[in-house]
file work-v6.txt (compact mmCIF, C-alpha atoms and all ligand atoms)
# COMPACT_ATOMS: atom_id res chain seq x y z
CA MET A 1 96.38 115.64 78.41
CA ALA A 2 94.60 114.11 81.47
CA SER A 3 90.81 113.95 81.39
CA GLY A 4 89.10 117.16 82.53
CA GLN A 5 92.14 119.17 81.53
CA LEU A 6 92.04 121.88 78.91
CA SER A 7 94.70 123.58 76.88
CA ARG A 8 95.14 127.25 77.68
CA ALA A 9 93.55 128.17 74.33
CA GLU A 10 90.54 125.88 74.92
CA ALA A 11 90.09 127.32 78.39
CA LEU A 12 90.17 130.92 77.15
CA ALA A 13 87.73 130.09 74.34
CA CYS A 14 85.08 128.87 76.76
CA SER A 15 82.27 131.42 76.62
CA GLY A 16 80.41 131.98 79.86
CA CYS A 17 83.10 130.25 81.95
CA ARG A 18 84.57 131.89 85.02
CA HIS A 19 88.34 131.68 85.52
CA ALA A 20 90.36 131.34 88.72
CA CYS A 21 94.18 131.36 88.83
CA HIS A 22 96.24 130.06 91.75
CA VAL A 23 99.98 129.56 92.27
CA MET A 24 102.21 127.31 94.33
CA LEU A 25 105.32 129.13 95.58
CA TYR A 26 108.29 127.09 96.68
CA ALA A 27 112.02 127.35 97.28
CA ASP A 28 115.11 125.33 98.08
CA THR A 29 117.20 126.37 101.05
CA LYS A 30 120.82 126.08 102.13
CA ALA A 31 119.90 126.94 105.73
CA GLN A 32 121.19 124.68 108.48
CA LEU A 33 119.37 123.93 111.70
CA PHE A 34 121.70 124.55 114.67
CA GLY A 35 124.36 125.54 112.13
CA ARG A 36 124.99 121.95 111.05
CA ILE A 37 121.80 120.24 109.91
CA PRO A 38 120.84 120.97 106.28
CA ILE A 39 117.22 122.05 105.90
CA LYS A 40 117.38 121.53 102.11
CA HIS A 41 114.09 122.89 100.88
CA ILE A 42 111.13 125.19 101.63
CA ILE A 43 106.49 124.94 99.87
CA LEU A 44 104.07 127.80 101.30
CA VAL A 45 99.90 127.09 102.12
CA ARG A 46 97.80 130.15 103.96
CA CYS A 47 99.23 129.54 108.72
CA VAL A 48 102.87 129.52 110.39
CA CYS A 49 104.97 126.44 110.10
CA VAL A 50 108.67 125.70 109.68
CA CYS A 51 109.90 122.43 108.22
CA VAL A 52 113.44 121.24 108.56
CA CYS A 53 115.36 118.35 106.98
CA VAL A 54 118.14 116.67 108.88
CA CYS A 55 120.60 115.27 106.30
CA VAL A 56 118.21 113.75 103.78
CA CYS A 57 116.06 111.69 106.08
CA VAL A 58 114.88 113.64 109.13
CA CYS A 59 112.46 116.55 109.14
CA VAL A 60 111.17 118.72 111.94
CA CYS A 61 108.00 120.75 111.66
CA HIS A 62 106.63 123.07 114.30
CA LEU A 63 103.20 124.55 113.76
CA SER A 64 103.65 127.25 116.36
CA TYR A 65 106.47 128.64 118.44
CA SER A 66 104.99 127.26 121.66
CA ASN A 67 105.18 123.61 120.63
CA THR A 68 108.57 123.77 118.93
CA HIS A 69 110.31 121.76 121.63
CA THR A 70 107.83 118.91 121.48
CA HIS A 71 108.38 118.53 117.75
CA LEU A 72 112.15 118.88 117.98
CA TYR A 73 112.20 116.17 120.62
CA MET A 74 110.09 113.92 118.43
CA SER A 75 112.31 114.42 115.41
CA ALA A 76 115.46 113.65 117.35
CA SER A 77 114.09 110.30 118.38
CA LEU A 78 112.36 109.51 115.11
CA SER A 79 115.23 109.81 112.66
CA GLU A 80 114.63 106.42 111.06
CA GLN A 81 110.87 106.86 111.14
CA ALA A 82 110.67 110.11 109.24
CA TYR A 83 110.49 110.02 105.45
CA PHE A 84 112.52 112.19 103.12
CA CYS A 85 111.74 115.89 103.11
CA VAL A 86 112.43 117.60 99.82
CA SER A 87 110.84 121.02 99.70
CA LEU A 88 108.27 123.25 101.40
CA PRO A 89 105.51 124.64 99.20
CA GLN A 90 103.32 127.53 100.38
CA MET A 91 99.53 127.43 100.79
CA GLN A 92 97.05 129.53 102.74
CA MET A 93 94.27 129.17 105.31
CA ARG A 94 91.32 130.84 103.65
CA PHE A 95 88.46 132.81 105.23
CA ASP A 96 86.24 129.72 104.78
CA GLY A 97 88.58 127.54 106.89
CA LEU A 98 89.84 125.62 103.87
CA LEU A 99 93.41 125.33 102.67
CA GLY A 100 94.23 126.64 99.23
CA PHE A 101 96.84 128.33 97.10
CA PRO A 102 97.09 132.11 96.81
CA GLY A 103 95.21 133.57 93.83
CA GLY A 104 91.61 134.20 92.84
CA LEU A 105 89.10 135.04 90.15
CA VAL A 106 90.39 136.65 86.96
CA ASN A 107 88.41 138.23 84.14
CA PRO A 108 90.23 137.42 80.86
CA SER A 109 88.24 140.05 78.97
CA GLU A 110 89.87 142.75 81.12
CA GLU A 111 93.30 141.32 81.94
CA THR A 112 95.58 138.42 81.05
CA LEU A 113 95.41 135.38 83.32
CA GLU A 114 98.89 136.17 84.59
CA SER A 115 98.32 139.87 85.31
CA GLY A 116 95.05 138.94 87.06
CA LEU A 117 96.89 136.41 89.18
CA SER A 118 99.59 138.98 90.03
CA ARG A 119 96.84 141.43 91.06
CA GLU A 120 95.31 138.80 93.37
CA LEU A 121 98.74 138.04 94.82
CA SER A 122 99.38 141.68 95.66
CA GLU A 123 96.09 141.75 97.62
CA GLU A 124 96.73 138.46 99.42
CA LEU A 125 100.51 138.55 99.84
CA GLY A 126 101.12 142.29 100.06
CA LEU A 127 103.72 142.43 97.28
CA ALA A 128 103.92 142.38 93.50
CA LEU A 129 104.97 138.98 92.22
CA PRO A 130 105.29 138.83 88.45
CA ILE A 131 103.77 135.61 87.07
CA SER A 132 104.52 134.59 83.50
CA VAL A 133 103.02 132.18 80.97
CA GLU A 134 106.04 129.92 81.59
CA ASP A 135 104.83 129.39 85.18
CA HIS A 136 101.51 127.95 83.92
CA VAL A 137 101.11 124.21 84.66
CA ASP A 138 97.55 123.30 83.71
CA SER A 139 93.95 124.42 83.33
CA CYS A 140 90.90 122.28 84.11
CA TYR A 141 87.22 122.45 84.92
CA ALA A 142 86.57 122.75 88.64
CA PRO A 143 84.07 120.33 90.18
CA PRO A 144 80.64 122.09 90.27
CA SER A 145 80.28 123.84 93.67
CA SER A 146 76.52 123.20 93.69
CA PRO A 147 74.09 121.44 91.30
CA SER A 148 72.41 124.78 90.66
CA SER A 149 75.57 126.75 89.79
CA SER A 150 75.01 128.25 86.38
CA SER A 151 78.51 129.03 85.05
CA ARG A 152 81.41 126.61 84.94
CA LEU A 153 84.63 127.51 86.69
CA ILE A 154 87.99 126.84 85.07
CA THR A 155 90.96 126.73 87.42
CA HIS A 156 94.38 127.66 86.06
CA PHE A 157 97.33 126.46 88.10
CA TYR A 158 100.83 127.94 88.20
CA VAL A 159 104.03 126.99 89.99
CA LYS A 160 106.78 129.49 90.74
CA LYS A 161 110.15 128.59 92.14
CA MET A 162 111.68 131.33 94.24
CA ASP A 163 114.75 131.67 96.37
CA GLU A 164 114.53 131.33 100.10
CA GLU A 165 114.82 135.04 100.87
CA GLN A 166 111.95 135.79 98.47
CA ILE A 167 109.80 133.21 100.27
CA ARG A 168 110.63 134.85 103.61
CA GLU A 169 109.74 138.24 102.13
CA VAL A 170 106.38 136.81 100.98
CA GLU A 171 105.71 135.47 104.49
CA ARG A 172 106.60 138.81 106.11
CA ALA A 173 104.52 140.88 103.68
CA ALA A 174 101.55 138.47 103.84
CA ALA A 175 101.35 138.97 107.60
CA SER A 176 102.01 142.73 107.63
CA THR A 177 101.11 144.71 104.51
CA ALA A 178 98.68 142.43 102.64
CA ALA A 179 95.21 144.01 102.37
CA ASP A 180 93.52 140.62 102.72
CA HIS A 181 95.43 139.46 105.82
CA GLY A 182 93.03 138.50 108.59
CA LEU A 183 90.12 138.86 106.20
CA GLU A 184 90.11 136.64 103.09
CA VAL A 185 93.44 135.12 104.11
CA LEU A 186 93.92 133.94 107.68
CA GLY A 187 97.58 133.05 107.23
CA MET A 188 100.22 131.41 105.06
CA VAL A 189 101.59 127.93 105.81
CA ARG A 190 104.53 125.91 104.62
CA VAL A 191 103.66 122.36 103.68
CA PRO A 192 105.50 119.68 105.69
CA LEU A 193 106.80 117.20 103.14
CA TYR A 194 107.76 114.32 105.41
CA THR A 195 105.57 111.76 107.13
CA MET A 196 106.51 110.32 110.49
CA LYS A 197 105.66 106.78 111.45
CA GLY A 198 102.79 108.00 113.64
CA GLY A 199 101.35 109.89 110.65
CA GLY A 200 102.55 113.40 111.53
CA GLY A 201 103.73 115.78 108.81
CA LEU A 202 102.55 115.38 105.22
CA ALA A 203 100.01 112.64 106.06
CA SER A 204 98.28 114.88 108.65
CA PHE A 205 98.52 117.88 106.39
CA LEU A 206 96.84 116.08 103.47
CA SER A 207 93.96 114.96 105.71
CA HIS A 208 92.86 118.60 106.24
CA SER A 209 90.08 120.12 104.12
CA PHE A 210 91.10 121.85 100.89
CA ILE A 211 89.20 124.17 98.55
CA GLY A 212 88.21 122.75 95.14
CA ASN A 213 90.97 120.68 93.59
CA ALA A 214 93.79 122.30 95.62
CA ARG A 215 94.79 118.99 97.23
CA SER A 216 95.15 117.35 93.78
CA GLN A 217 97.13 120.37 92.57
CA LEU A 218 99.50 119.98 95.53
CA VAL A 219 99.88 116.20 95.13
CA HIS A 220 100.38 116.50 91.38
CA SER A 221 103.04 119.21 91.85
CA MET A 222 104.90 117.21 94.49
CA LEU A 223 105.09 114.30 92.04
CA ARG A 224 105.87 116.36 88.96
CA LEU A 225 108.63 118.35 90.65
CA ASN A 226 109.90 115.26 92.44
CA LEU A 227 109.49 116.98 95.83
CA VAL A 228 108.30 113.74 97.42
CA ALA A 229 109.01 110.22 96.13
CA PRO A 230 105.88 108.48 94.76
CA GLY A 231 106.19 105.67 97.34
CA GLU A 232 106.39 108.15 100.23
CA LEU A 233 103.42 110.06 98.91
CA HIS A 234 101.47 106.81 98.64
CA LYS A 235 102.28 106.00 102.29
CA ALA A 236 101.33 109.52 103.38
CA LEU A 237 98.00 109.41 101.55
CA THR A 238 97.22 105.95 102.92
CA HIS A 239 97.89 107.33 106.38
CA SER A 240 95.76 110.40 105.65
CA LEU A 241 92.79 108.14 104.94
CA LYS A 242 93.24 106.48 108.34
CA THR A 243 93.54 109.91 109.99
CA HIS A 244 90.34 110.88 108.24
CA ALA A 245 88.48 107.94 109.79
CA HIS A 246 89.83 108.95 113.20
CA THR A 247 88.76 112.58 112.59
CA LYS A 248 85.24 111.37 111.88
CA GLN A 249 85.09 109.58 115.24
CA ASP A 250 86.55 112.67 116.93
CA LEU A 251 83.93 114.92 115.35
CA GLN A 252 81.14 112.55 116.35
CA ALA A 253 82.39 112.68 119.97
CA ALA A 254 82.52 116.51 119.83
CA LEU A 255 79.03 116.60 118.36
CA ALA A 256 77.73 114.37 121.15
CA LEU A 257 79.27 116.83 123.63
CA THR A 258 77.41 119.80 122.12
CA GLN A 259 74.17 117.81 122.12
CA GLY A 260 74.62 117.19 125.86
CA LEU A 261 75.27 120.92 126.44
CA ARG A 262 72.27 121.99 124.37
CA LYS A 263 70.02 119.99 126.69
CA GLN A 264 71.74 121.52 129.74
CA PHE A 265 71.38 125.22 128.70
O1 LIG B 1 93.90 126.74 95.61
C1 LIG B 1 92.95 126.54 94.83
N1 LIG B 1 93.02 125.57 93.91
C2 LIG B 1 92.00 125.32 93.04
N2 LIG B 1 90.87 126.01 93.02
C3 LIG B 1 90.74 126.99 93.93
C4 LIG B 1 91.75 127.31 94.86
N3 LIG B 1 91.31 128.33 95.63
C5 LIG B 1 90.10 128.65 95.20
N4 LIG B 1 89.74 127.85 94.18
C6 LIG B 1 88.50 127.88 93.39
C7 LIG B 1 87.24 127.81 94.21
C8 LIG B 1 86.84 129.22 94.40
O2 LIG B 1 85.45 129.39 94.51
C9 LIG B 1 87.33 129.91 93.14
C10 LIG B 1 87.70 131.33 93.36
O3 LIG B 1 88.85 131.36 94.18
P1 LIG B 1 89.09 132.45 95.35
O4 LIG B 1 90.53 132.36 95.69
O5 LIG B 1 88.12 132.20 96.46
O6 LIG B 1 88.76 133.79 94.57
P2 LIG B 1 88.53 135.29 95.05
O7 LIG B 1 89.61 135.59 96.05
O8 LIG B 1 87.16 135.34 95.64
O9 LIG B 1 88.67 136.12 93.81
O10 LIG B 1 88.47 129.15 92.73
call {"tool": "encode", "arguments": {"input": "work-v6.txt", "output": "structure tokens"}}
result
Amino acid sequence: MASGQLSRAEALACSGCRHACHVMLYADTKAQLFGRIPIKHIILVRCVCVCVCVCVCVCVCHLSYSNTHTHLYMSASLSEQAYFCVSLPQMQMRFDGLLGFPGGLVNPSEETLESGLSRELSEELGLALPISVEDHVDSCYAPPSSPSSSSRLITHFYVKKMDEEQIREVERAAASTAADHGLEVLGMVRVPLYTMKGGGGLASFLSHSFIGNARSQLVHSMLRLNLVAPGELHKALTHSLKTHAHTKQDLQAALALTQGLRKQF
């Protein structure tokens, strides 16, 4: 067992600990882009994004309908530059602007971890998704949110493979019937699993901000389920670090702009 990880029994025996359960939903797909290009696989996070694999080496991802053509054009000319795309896990854009998996706090003295997670999913996704003990992957202590936080949080992570139609149903319900839509959950997103030479796709996605250890949970799952080859993931993460440095410069420039405006008004 990796350091920081707990067995399910150890986790449940922790007195005074809080428990949060989250799940990664993913599916394979037989869909074909333009009726001839195999898409292969689908993972969901909380915004709207479609990822497509061409044969086994080209992926297309459009973050919104309006920029679809730009991305399609890029993919057509970048076939040898795109890495393999294996599957599309689902995550969500949370109310706090961070990316995370669907789920939430569970009270094991009132409900099982799995029934608590299912309850959270019905609020966030708008439908009942049964989660079983077999879907459990690991439990570990979350990094302390603040030095003053009194109780430790244990995060329990689950992975559930679905079929493509179930994933579509989740996406439809999350945007229409879910009680938390537009409130605690701003939207679901599919994770792009390829990285283009310029750093688009997985590399850009991984450079966003995630809640708690959600990024590690995603990376670990991609490796464990062989959704992305270790070498490709390494390249994507290396690129993410570069993107991060660029983001810092970008933010500094934006900050300088607001400082100028504050003096003006
Ligand atoms: O996706 C996640 N992966 C790991 N830990 C997570 C994730 N999302 C949240 N968390 C941690 C940090 C949060 O403070 C707690 C509670 O989660 P949350 O989903 O915000 O719970 P409620 O909806 O408020 O019940 O777990």
call {"tool": "closest_residue", "arguments": {"input": "work-v6.txt", "among": "A:Leu225, A:Met91, A:Met162, A:Leu12", "to": "Tyr141 of chain A", "atoms": "all atoms listed in the file"}}
result
A:Leu12
call {"tool": "closest_residue", "arguments": {"input": "work-v6.txt", "among": "A:Leu186, A:Leu153, A:Cys21, A:Ala27", "to": "Phe101 of chain A", "atoms": "only C-alpha atoms"}}
result
A:Cys21
call {"tool": "residues_near_ligand", "arguments": {"input": "work-v6.txt", "ligand": "ligand LIG 1 (chain B)", "cutoff": "6 Å", "atoms": "all atoms listed in the file", "output": "mmCIF file with C-alpha atoms, keeping the file's coordinate frame"}}
result
data_model
loop_
_atom_site.group_PDB
_atom_site.id
_atom_site.type_symbol
_atom_site.label_atom_id
_atom_site.label_comp_id
_atom_site.auth_asym_id
_atom_site.auth_seq_id
_atom_site.Cartn_x
_atom_site.Cartn_y
_atom_site.Cartn_z
ATOM 1 C CA ALA A 20 90.360 131.340 88.720
ATOM 2 C CA HIS A 22 96.240 130.060 91.750
ATOM 3 C CA GLY A 100 94.230 126.640 99.230
ATOM 4 C CA PHE A 101 96.840 128.330 97.100
ATOM 5 C CA GLY A 103 95.210 133.570 93.830
ATOM 6 C CA GLY A 104 91.610 134.200 92.840
ATOM 7 C CA LEU A 105 89.100 135.040 90.150
ATOM 8 C CA THR A 155 90.960 126.730 87.420
ATOM 9 C CA ILE A 211 89.200 124.170 98.550
ATOM 10 C CA GLY A 212 88.210 122.750 95.140
ATOM 11 C CA ASN A 213 90.970 120.680 93.590
ATOM 12 C CA ALA A 214 93.790 122.300 95.620
#
call {"tool": "closest_residue", "arguments": {"input": "work-v6.txt", "among": "A:Ala178, A:Leu99, A:Ser109, A:Lys160", "to": "Ser122 of chain A", "atoms": "all atoms listed in the file"}}
result
A:Ala178
call {"tool": "closest_residue", "arguments": {"input": "work-v6.txt", "among": "A:Glu124, A:Leu257, A:Ser145, A:Ser15", "to": "Ala173 of chain A", "atoms": "only C-alpha atoms"}}
result
A:Glu124
call {"tool": "residues_around", "arguments": {"input": "work-v6.txt", "residues": "Glu114 of chain A", "least_positions_apart": "6", "cutoff": "8 Å", "atoms": "all atoms listed in the file", "output": "JSON, numbers by chain"}}
result
{"A": [21, 130, 131, 132, 133]}
call {"tool": "atom_distance", "arguments": {"input": "work-v6.txt", "atom1": "atom CA of Met24 of chain A", "atom2": "atom CA of Leu206 of chain A"}}
result
15.4 Å
call {"tool": "closest_residue", "arguments": {"input": "work-v6.txt", "among": "A:Glu120, A:Asp96, A:Asp135, A:Glu110", "to": "Lys161 of chain A", "atoms": "all atoms listed in the file"}}
result
A:Asp135
call {"tool": "closest_residue", "arguments": {"input": "work-v6.txt", "among": "A:His156, A:Leu223, A:Ala256, A:Pro102", "to": "Ala9 of chain A", "atoms": "all atoms listed in the file"}}
result
A:His156
call {"tool": "residues_around", "arguments": {"input": "work-v6.txt", "residues": "Gly182 of chain A", "least_positions_apart": "4", "cutoff": "10 Å", "atoms": "only C-alpha atoms", "output": "ChimeraX atom specification"}}
result
/A:93-95,124,174-176,178,186-187
call {"tool": "atom_distance", "arguments": {"input": "work-v6.txt", "atom1": "atom CA of Arg172 of chain A", "atom2": "atom CA of Val185 of chain A"}}
result
13.8 Å
call {"tool": "atom_distance", "arguments": {"input": "work-v6.txt", "atom1": "atom CA of His181 of chain A", "atom2": "atom CA of Phe205 of chain A"}}
result
21.8 Å
call {"tool": "residues_around", "arguments": {"input": "work-v6.txt", "residues": "segment 238-240 of chain A", "least_positions_apart": "4", "cutoff": "7 Å", "atoms": "all atoms listed in the file", "output": "number ranges by chain"}}
result
A: 199, 203-204, 206-207, 234, 244
call {"tool": "axis_aligned_box", "arguments": {"input": "work-v6.txt", "around": "segment 150-162 of chain A", "padding_each_side": "5 Å", "output": "lines of an AutoDock Vina configuration file"}}
result
center_x = 93.3
center_y = 128.9
center_z = 89.6
size_x = 46.7
size_y = 14.9
size_z = 19.3
call {"tool": "residues_around", "arguments": {"input": "work-v6.txt", "residues": "Ser209 of chain A", "least_positions_apart": "4", "cutoff": "9 Å", "atoms": "all atoms listed in the file", "output": "number ranges by chain"}}
result
A: 97-99, 215
